[in-house]
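Enquirer: Coordinates in final.pdb, PDB, C-alpha atoms, pLDDT in the B column, are listed below.
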MODEL        1
ATOM      1  CA  MET E 852      43.132  90.769 132.743  1.00 88.00           C
ATOM      2  CA  LYS E 853      44.830  92.715 129.938  1.00 94.00           C
ATOM      3  CA  LYS E 854      46.634  90.690 127.276  1.00 97.00           C
ATOM      4  CA  VAL E 855      50.082  91.940 126.251  1.00 98.00           C
ATOM      5  CA  VAL E 856      52.528  90.586 123.691  1.00 98.00           C
ATOM      6  CA  ILE E 857      56.213  91.208 124.357  1.00 98.00           C
ATOM      7  CA  TYR E 858      59.279  90.572 122.190  1.00 98.00           C
ATOM      8  CA  THR E 859      62.726  90.818 123.762  1.00 98.00           C
ATOM      9  CA  ASP E 860      66.363  90.512 122.758  1.00 97.00           C
ATOM     10  CA  GLY E 861      69.805  91.036 124.207  1.00 97.00           C
ATOM     11  CA  ALA E 862      73.159  91.717 122.571  1.00 95.00           C
ATOM     12  CA  CYS E 863      76.741  91.865 123.696  1.00 94.00           C
ATOM     13  CA  SER E 864      79.940  92.978 121.978  1.00 90.00           C
ATOM     14  CA  GLY E 865      82.312  90.472 123.507  1.00 88.00           C
ATOM     15  CA  ASN E 866      81.088  88.175 126.248  1.00 88.00           C
ATOM     16  CA  PRO E 867      81.597  89.843 128.668  1.00 94.00           C
ATOM     17  CA  GLY E 868      81.658  93.242 127.099  1.00 95.00           C
ATOM     18  CA  PRO E 869      79.421  96.217 126.367  1.00 96.00           C
ATOM     19  CA  GLY E 870      75.839  95.067 125.980  1.00 96.00           C
ATOM     20  CA  GLY E 871      72.338  96.180 125.194  1.00 97.00           C
ATOM     21  CA  TRP E 872      68.783  94.984 125.457  1.00 98.00           C
ATOM     22  CA  GLY E 873      65.602  95.803 123.605  1.00 98.00           C
ATOM     23  CA  ALA E 874      61.913  95.046 123.923  1.00 98.00           C
ATOM     24  CA  VAL E 875      58.691  95.692 122.054  1.00 98.00           C
ATOM     25  CA  LEU E 876      55.444  95.677 124.045  1.00 98.00           C
ATOM     26  CA  ILE E 877      52.120  95.419 122.225  1.00 98.00           C
ATOM     27  CA  TYR E 878      48.710  95.952 123.818  1.00 97.00           C
ATOM     28  CA  GLY E 879      45.925  96.163 121.263  1.00 95.00           C
ATOM     29  CA  GLU E 880      46.815  99.097 119.019  1.00 96.00           C
ATOM     30  CA  LEU E 881      49.358 100.465 121.497  1.00 96.00           C
ATOM     31  CA  ARG E 882      53.020  99.729 120.988  1.00 97.00           C
ATOM     32  CA  LYS E 883      56.069 100.670 123.049  1.00 97.00           C
ATOM     33  CA  GLU E 884      59.747 100.124 122.254  1.00 98.00           C
ATOM     34  CA  ILE E 885      62.305 100.253 125.062  1.00 98.00           C
ATOM     35  CA  GLY E 886      66.010  99.589 125.405  1.00 98.00           C
ATOM     36  CA  GLY E 887      69.087 100.124 127.471  1.00 97.00           C
ATOM     37  CA  GLY E 888      72.646  99.010 127.965  1.00 97.00           C
ATOM     38  CA  GLU E 889      75.482  98.238 130.320  1.00 96.00           C
ATOM     39  CA  GLU E 890      79.182  98.882 129.953  1.00 94.00           C
ATOM     40  CA  LYS E 891      80.367  95.410 131.027  1.00 95.00           C
ATOM     41  CA  THR E 892      77.933  92.519 130.899  1.00 96.00           C
ATOM     42  CA  THR E 893      77.096  89.244 129.174  1.00 97.00           C
ATOM     43  CA  ASN E 894      74.645  88.289 126.474  1.00 95.00           C
ATOM     44  CA  ASN E 895      72.644  86.161 128.921  1.00 97.00           C
ATOM     45  CA  ARG E 896      72.340  89.064 131.370  1.00 98.00           C
ATOM     46  CA  MET E 897      71.059  91.286 128.574  1.00 98.00           C
ATOM     47  CA  GLU E 898      68.486  88.655 127.513  1.00 97.00           C
ATOM     48  CA  LEU E 899      67.211  88.456 131.095  1.00 98.00           C
ATOM     49  CA  THR E 900      67.274  92.232 131.534  1.00 98.00           C
ATOM     50  CA  ALA E 901      65.157  92.726 128.412  1.00 98.00           C
ATOM     51  CA  ALA E 902      62.424  90.469 129.814  1.00 98.00           C
ATOM     52  CA  ILE E 903      62.615  92.073 133.263  1.00 98.00           C
ATOM     53  CA  LYS E 904      62.467  95.653 131.973  1.00 98.00           C
ATOM     54  CA  ALA E 905      59.548  94.823 129.681  1.00 98.00           C
ATOM     55  CA  LEU E 906      57.542  93.205 132.486  1.00 98.00           C
ATOM     56  CA  GLU E 907      58.364  96.148 134.780  1.00 98.00           C
ATOM     57  CA  CYS E 908      56.625  98.453 132.272  1.00 97.00           C
ATOM     58  CA  LEU E 909      53.273  96.809 132.982  1.00 97.00           C
ATOM     59  CA  ASN E 910      51.308  98.837 135.533  1.00 95.00           C
ATOM     60  CA  GLN E 911      48.855  96.080 136.462  1.00 96.00           C
ATOM     61  CA  PRO E 912      48.714  92.276 136.348  1.00 97.00           C
ATOM     62  CA  CYS E 913      48.550  91.097 132.737  1.00 97.00           C
ATOM     63  CA  GLU E 914      48.400  87.962 130.649  1.00 98.00           C
ATOM     64  CA  VAL E 915      51.653  88.073 128.717  1.00 98.00           C
ATOM     65  CA  VAL E 916      52.982  86.124 125.780  1.00 98.00           C
ATOM     66  CA  LEU E 917      56.722  86.794 125.777  1.00 98.00           C
ATOM     67  CA  TYR E 918      58.745  85.926 122.671  1.00 97.00           C
ATOM     68  CA  SER E 919      62.517  85.602 122.846  1.00 97.00           C
ATOM     69  CA  ASP E 920      65.203  84.072 120.664  1.00 95.00           C
ATOM     70  CA  SER E 921      67.156  83.158 123.814  1.00 96.00           C
ATOM     71  CA  SER E 922      67.089  79.435 124.556  1.00 95.00           C
ATOM     72  CA  TYR E 923      68.645  80.282 127.933  1.00 95.00           C
ATOM     73  CA  LEU E 924      65.658  82.437 128.877  1.00 97.00           C
ATOM     74  CA  VAL E 925      62.839  80.409 127.331  1.00 97.00           C
ATOM     75  CA  ASP E 926      64.131  76.911 128.151  1.00 96.00           C
ATOM     76  CA  SER E 927      64.676  77.865 131.791  1.00 95.00           C
ATOM     77  CA  HIS E 928      60.901  78.212 132.044  1.00 95.00           C
ATOM     78  CA  ILE E 929      59.666  75.581 129.602  1.00 95.00           C
ATOM     79  CA  LYS E 930      62.035  72.887 130.866  1.00 95.00           C
ATOM     80  CA  GLY E 931      61.543  73.830 134.530  1.00 93.00           C
ATOM     81  CA  TRP E 932      65.146  74.771 135.285  1.00 93.00           C
ATOM     82  CA  ILE E 933      64.119  77.959 137.080  1.00 94.00           C
ATOM     83  CA  LYS E 934      61.907  76.044 139.537  1.00 93.00           C
ATOM     84  CA  THR E 935      64.729  73.589 140.239  1.00 91.00           C
ATOM     85  CA  TRP E 936      67.186  76.434 140.854  1.00 92.00           C
ATOM     86  CA  GLU E 937      64.757  78.239 143.136  1.00 92.00           C
ATOM     87  CA  LYS E 938      64.073  75.080 145.197  1.00 91.00           C
ATOM     88  CA  ALA E 939      67.845  74.539 145.518  1.00 91.00           C
ATOM     89  CA  GLY E 940      68.365  78.056 146.895  1.00 92.00           C
ATOM     90  CA  TRP E 941      69.677  79.328 143.550  1.00 93.00           C
ATOM     91  CA  THR E 942      72.519  76.830 143.554  1.00 91.00           C
ATOM     92  CA  ARG E 943      73.419  74.237 140.957  1.00 84.00           C
ATOM     93  CA  LYS E 944      73.040  70.487 141.433  1.00 73.00           C
ATOM     94  CA  ASN E 945      76.100  70.213 143.666  1.00 74.00           C
ATOM     95  CA  GLY E 946      74.526  72.708 146.082  1.00 76.00           C
ATOM     96  CA  LYS E 947      77.684  74.783 146.255  1.00 82.00           C
ATOM     97  CA  GLU E 948      77.892  76.758 143.043  1.00 90.00           C
ATOM     98  CA  GLN E 949      75.596  79.772 142.655  1.00 92.00           C
ATOM     99  CA  VAL E 950      73.342  79.790 139.593  1.00 94.00           C
ATOM    100  CA  PRO E 951      74.738  82.415 137.187  1.00 94.00           C
ATOM    101  CA  ASN E 952      72.634  85.579 137.072  1.00 97.00           C
ATOM    102  CA  SER E 953      70.593  84.531 140.102  1.00 95.00           C
ATOM    103  CA  ASP E 954      70.010  88.201 140.956  1.00 97.00           C
ATOM    104  CA  LEU E 955      68.154  88.620 137.672  1.00 98.00           C
ATOM    105  CA  TRP E 956      66.385  85.250 137.879  1.00 97.00           C
ATOM    106  CA  LYS E 957      64.988  86.291 141.283  1.00 97.00           C
ATOM    107  CA  LYS E 958      63.613  89.534 139.808  1.00 97.00           C
ATOM    108  CA  LEU E 959      62.041  87.591 136.975  1.00 97.00           C
ATOM    109  CA  VAL E 960      60.399  85.105 139.379  1.00 96.00           C
ATOM    110  CA  TYR E 961      58.965  88.035 141.336  1.00 97.00           C
ATOM    111  CA  LEU E 962      57.526  89.620 138.176  1.00 97.00           C
ATOM    112  CA  GLU E 963      56.051  86.281 137.159  1.00 96.00           C
ATOM    113  CA  SER E 964      54.226  86.195 140.482  1.00 96.00           C
ATOM    114  CA  ILE E 965      52.399  89.343 139.340  1.00 97.00           C
ATOM    115  CA  HIS E 966      51.790  88.466 135.698  1.00 97.00           C
ATOM    116  CA  SER E 967      50.742  85.317 133.910  1.00 97.00           C
ATOM    117  CA  VAL E 968      53.599  84.764 131.442  1.00 97.00           C
ATOM    118  CA  GLU E 969      53.626  82.313 128.547  1.00 97.00           C
ATOM    119  CA  TRP E 970      57.150  81.843 127.180  1.00 97.00           C
ATOM    120  CA  GLN E 971      57.615  81.366 123.439  1.00 97.00           C
ATOM    121  CA  LYS E 972      60.831  80.721 121.527  1.00 96.00           C
ATOM    122  CA  VAL E 973      61.252  82.622 118.275  1.00 94.00           C
ATOM    123  CA  SER E 974      64.065  82.042 115.803  1.00 86.00           C
ATOM    124  CA  GLY E 975      66.556  84.888 115.796  1.00 77.00           C
ATOM    125  CA  HIS E 976      67.345  86.686 112.553  1.00 76.00           C
ATOM    126  CA  ALA E 977      64.531  84.851 110.794  1.00 78.00           C
ATOM    127  CA  GLY E 978      62.535  87.866 109.632  1.00 81.00           C
ATOM    128  CA  VAL E 979      60.145  88.134 112.600  1.00 85.00           C
ATOM    129  CA  GLU E 980      59.599  91.898 112.482  1.00 92.00           C
ATOM    130  CA  GLU E 981      59.343  92.622 116.209  1.00 95.00           C
ATOM    131  CA  ASN E 982      62.314  90.369 117.009  1.00 94.00           C
ATOM    132  CA  GLU E 983      64.383  92.166 114.378  1.00 94.00           C
ATOM    133  CA  ILE E 984      63.405  95.513 115.934  1.00 96.00           C
ATOM    134  CA  CYS E 985      64.455  94.267 119.379  1.00 96.00           C
ATOM    135  CA  ASP E 986      67.771  93.118 117.935  1.00 95.00           C
ATOM    136  CA  LYS E 987      68.391  96.556 116.398  1.00 96.00           C
ATOM    137  CA  ILE E 988      67.574  98.294 119.695  1.00 97.00           C
ATOM    138  CA  ALA E 989      69.822  95.955 121.694  1.00 97.00           C
ATOM    139  CA  THR E 990      72.668  96.164 119.199  1.00 95.00           C
ATOM    140  CA  SER E 991      72.526  99.961 119.061  1.00 95.00           C
ATOM    141  CA  TRP E 992      72.723 100.163 122.871  1.00 95.00           C
ATOM    142  CA  ALA E 993      75.650  97.737 122.920  1.00 93.00           C
ATOM    143  CA  LYS E 994      77.460  99.969 120.391  1.00 89.00           C
ATOM    144  CA  GLN E 995      76.731 103.073 122.501  1.00 86.00           C
ATOM    145  CA  GLU E 996      78.147 101.368 125.590  1.00 80.00           C
ATOM    146  CA  LYS E 997      81.237 100.352 123.608  1.00 75.00           C
ATOM    147  CA  ASN E 998      82.019 103.975 122.678  1.00 70.00           C
TER     148      ASN E 998
ENDMDL
END
Go ahead and express the file in the form of structure tokens.

Expert:
Amino acid sequence: MKKVVIYTDGACSGNPGPGGWGAVLIYGELRKEIGGGEEKTTNNRMELTAAIKALECLNQPCEVVLYSDSSYLVDSHIKGWIKTWEKAGWTRKNGKEQVPNSDLWKKLVYLESIHSVEWQKVSGHAGVEENEICDKIATSWAKQEKN
């Protein structure tokens, strides 16, 4: 199975507001940078979208190490929240309230059924080159959506 390293980030100008996402995919010597934006969104949706879009770029099952500065994204996997939400039918503990962004969480769960993903938290704005690049991509898309 191919091994791929992915860095992702999301940005939003206002929350909700215009947002952007960015990702850097690295496979051996190959490197791909991708990004996009939405006119009205949230930071959390952009963080999730970055991971989804990056995983969608993979054309076969891969072993992935995915780095993100989003506690929301990484902790949902490391702390098992996503499994709890899925078992509860994408509702919160009370069983009545829908988990925010469940549409995106479902896409992510599907992609994780294809790829083996290891989630890693990286500190934002701490000089990690690929994370800084993702931030610039996401921020530039958010600015484009704002204009």

Enquirer: Rank nothing, just name the residue among E:Asp986, E:Glu963, E:Asp954, E:Glu948 nearest to Ala901 (chain E), using only C-alpha atoms.

Expert: E:Asp986

Enquirer: Evaluate the PyMOL selection byres ((chain E and resi 998) around 12) and record the selected residues as a list of chain:residue names, following the chain and residue labels used in the document.

Expert: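 Applied to this file, the PyMOL selection byres ((chain E and resi 998) around 12) selects E:Ser864, E:Gly868, E:Pro869, E:Gly870, E:Gly888, E:Glu889, E:Glu890, E:Ser991, E:Trp992, E:Ala993, E:Lys994, E:Gln995, E:Glu996, E:Lys997.
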
Enquirer: Write out as a list in words which residues come within 9 Å of Leu876 (chain E) when counting all atoms listed in the file, dropping same-chain ones fewer than 5 positions away.

Expert: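 Answer for this query is Val855, Val856, Ile857, Tyr858, Thr859, Leu881, Arg882, Lys883, Glu884, Ile885, Ala905 and Cys908 of chain E.
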
Enquirer: Can you spit out the residues from that selection as a PDB file, keeping the file's coordinate frame, using C-alpha atoms?

Expert:
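The result, written out as part-v5.pdb:
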ATOM      1  CA  VAL E 855      50.082  91.940 126.251  1.00 98.00           C
ATOM      2  CA  VAL E 856      52.528  90.586 123.691  1.00 98.00           C
ATOM      3  CA  ILE E 857      56.213  91.208 124.357  1.00 98.00           C
ATOM      4  CA  TYR E 858      59.279  90.572 122.190  1.00 98.00           C
ATOM      5  CA  THR E 859      62.726  90.818 123.762  1.00 98.00           C
ATOM      6  CA  LEU E 881      49.358 100.465 121.497  1.00 96.00           C
ATOM      7  CA  ARG E 882      53.020  99.729 120.988  1.00 97.00           C
ATOM      8  CA  LYS E 883      56.069 100.670 123.049  1.00 97.00           C
ATOM      9  CA  GLU E 884      59.747 100.124 122.254  1.00 98.00           C
ATOM     10  CA  ILE E 885      62.305 100.253 125.062  1.00 98.00           C
ATOM     11  CA  ALA E 905      59.548  94.823 129.681  1.00 98.00           C
ATOM     12  CA  CYS E 908      56.625  98.453 132.272  1.00 97.00           C
TER      13      CYS E 908
END

Enquirer: In Å to one decimal, how far is CA of Glu907 (chain E) from CA of Val950 (chain E)?

Expert: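 Atom-to-atom, CA of Val950 (chain E) and CA of Glu907 (chain E) are spaced 22.7 Å apart.
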
Enquirer: Using all atoms listed in the file, find the one residue out of E:Ala862, E:Tyr878, E:Trp970, E:Glu980 that sits nearest to Leu909 (chain E).

Expert: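 Looking at the shortest contact to Leu909 (chain E), the residue is E:Tyr878.
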
Enquirer: Care to translate the PyMOL selection byres ((chain E and resi 936) around 12) into actual residues of this file, as an NGL selection string?

Expert: :E and (927-928 or 930-935 or 937-953 or 956-957 or 960)

Enquirer: What box, with edges along x, y and z, holds each listed atom of region 859-873 of chain E when 4 Å is added on every side, and can you state its centre and edge lengths in Å to one decimal, as AutoDock Vina command-line options?

Expert:
--center_x 72.5 --center_y 92.2 --center_z 125.3 --size_x 27.6 --size_y 16.0 --size_z 14.7

Enquirer: Can you turn the PyMOL selection byres ((chain E and resi 968) around 9) into a concrete residue list for this file, as a ChimeraX atom specification?

Expert: /E:913-917,963,966-967,969-970

Enquirer: Expressed in Å to a single decimal, how great is the separation between CA of Lys904 (chain E) and CA of Ala977 (chain E)?

Expert: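 Here the two named atoms are 23.9 Å from each other.
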
Enquirer: Report, in Å to a single decimal, how far apart CA of Ser964 (chain E) and CA of Gly873 (chain E) are.

Expert: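 Result for CA of Gly873 (chain E) versus CA of Ser964 (chain E): 22.5 Å, one decimal.
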
Enquirer: From the list E:Ala874, E:Leu959, E:Val925, E:Ala902, which residue is nearest Val973 (chain E) when using all atoms listed in the file?

Expert: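 That would be E:Val925, the residue with the smallest distance to Val973 (chain E).
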
Enquirer: Using only C-alpha atoms, which residue out of E:Glu983, E:Thr900, E:Asn910, E:Asp920 lies closest to Lys958 (chain E)?

Expert: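 Among the listed residues, E:Thr900 lies closest to Lys958 (chain E).
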
Enquirer: Take region 881-897 of chain E, model N, CA and C atoms, and hand the result over as a PDB file, keeping the file's coordinate frame.

Expert:
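Writing the result to part.pdb gives the following:
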ATOM      1  N   LEU E 881      48.243  99.756 120.870  1.00 96.00           N
ATOM      2  CA  LEU E 881      49.358 100.465 121.497  1.00 96.00           C
ATOM      3  C   LEU E 881      50.642  99.656 121.374  1.00 96.00           C
ATOM      4  N   ARG E 882      51.723 100.365 121.171  1.00 97.00           N
ATOM      5  CA  ARG E 882      53.020  99.729 120.988  1.00 97.00           C
ATOM      6  C   ARG E 882      54.078 100.590 121.659  1.00 97.00           C
ATOM      7  N   LYS E 883      55.001  99.936 122.376  1.00 97.00           N
ATOM      8  CA  LYS E 883      56.069 100.670 123.049  1.00 97.00           C
ATOM      9  C   LYS E 883      57.378  99.934 122.805  1.00 97.00           C
ATOM     10  N   GLU E 884      58.411 100.685 122.442  1.00 98.00           N
ATOM     11  CA  GLU E 884      59.747 100.124 122.254  1.00 98.00           C
ATOM     12  C   GLU E 884      60.650 100.703 123.322  1.00 98.00           C
ATOM     13  N   ILE E 885      61.409  99.814 123.993  1.00 98.00           N
ATOM     14  CA  ILE E 885      62.305 100.253 125.062  1.00 98.00           C
ATOM     15  C   ILE E 885      63.665  99.582 124.882  1.00 98.00           C
ATOM     16  N   GLY E 886      64.676 100.177 125.476  1.00 98.00           N
ATOM     17  CA  GLY E 886      66.010  99.589 125.405  1.00 98.00           C
ATOM     18  C   GLY E 886      66.940 100.238 126.402  1.00 98.00           C
ATOM     19  N   GLY E 887      68.082  99.601 126.570  1.00 97.00           N
ATOM     20  CA  GLY E 887      69.087 100.124 127.471  1.00 97.00           C
ATOM     21  C   GLY E 887      70.368  99.329 127.330  1.00 97.00           C
ATOM     22  N   GLY E 888      71.371  99.700 128.088  1.00 97.00           N
ATOM     23  CA  GLY E 888      72.646  99.010 127.965  1.00 97.00           C
ATOM     24  C   GLY E 888      73.464  99.057 129.235  1.00 97.00           C
ATOM     25  N   GLU E 889      74.526  98.276 129.217  1.00 96.00           N
ATOM     26  CA  GLU E 889      75.482  98.238 130.320  1.00 96.00           C
ATOM     27  C   GLU E 889      76.880  98.175 129.736  1.00 96.00           C
ATOM     28  N   GLU E 890      77.812  98.791 130.447  1.00 94.00           N
ATOM     29  CA  GLU E 890      79.182  98.882 129.953  1.00 94.00           C
ATOM     30  C   GLU E 890      79.891  97.530 129.923  1.00 94.00           C
ATOM     31  N   LYS E 891      79.715  96.724 130.972  1.00 95.00           N
ATOM     32  CA  LYS E 891      80.367  95.410 131.027  1.00 95.00           C
ATOM     33  C   LYS E 891      79.354  94.381 131.504  1.00 95.00           C
ATOM     34  N   THR E 892      78.992  93.468 130.604  1.00 96.00           N
ATOM     35  CA  THR E 892      77.933  92.519 130.899  1.00 96.00           C
ATOM     36  C   THR E 892      78.096  91.291 130.015  1.00 96.00           C
ATOM     37  N   THR E 893      77.097  90.417 130.040  1.00 97.00           N
ATOM     38  CA  THR E 893      77.096  89.244 129.174  1.00 97.00           C
ATOM     39  C   THR E 893      75.812  89.212 128.354  1.00 97.00           C
ATOM     40  N   ASN E 894      75.827  88.423 127.303  1.00 95.00           N
ATOM     41  CA  ASN E 894      74.645  88.289 126.474  1.00 95.00           C
ATOM     42  C   ASN E 894      73.471  87.749 127.292  1.00 95.00           C
ATOM     43  N   ASN E 895      73.730  86.731 128.123  1.00 97.00           N
ATOM     44  CA  ASN E 895      72.644  86.161 128.921  1.00 97.00           C
ATOM     45  C   ASN E 895      72.037  87.181 129.881  1.00 97.00           C
ATOM     46  N   ARG E 896      72.870  88.026 130.480  1.00 98.00           N
ATOM     47  CA  ARG E 896      72.340  89.064 131.370  1.00 98.00           C
ATOM     48  C   ARG E 896      71.469  90.048 130.597  1.00 98.00           C
ATOM     49  N   MET E 897      71.856  90.356 129.371  1.00 98.00           N
ATOM     50  CA  MET E 897      71.059  91.286 128.574  1.00 98.00           C
ATOM     51  C   MET E 897      69.730  90.647 128.148  1.00 98.00           C
TER      52      MET E 897
END
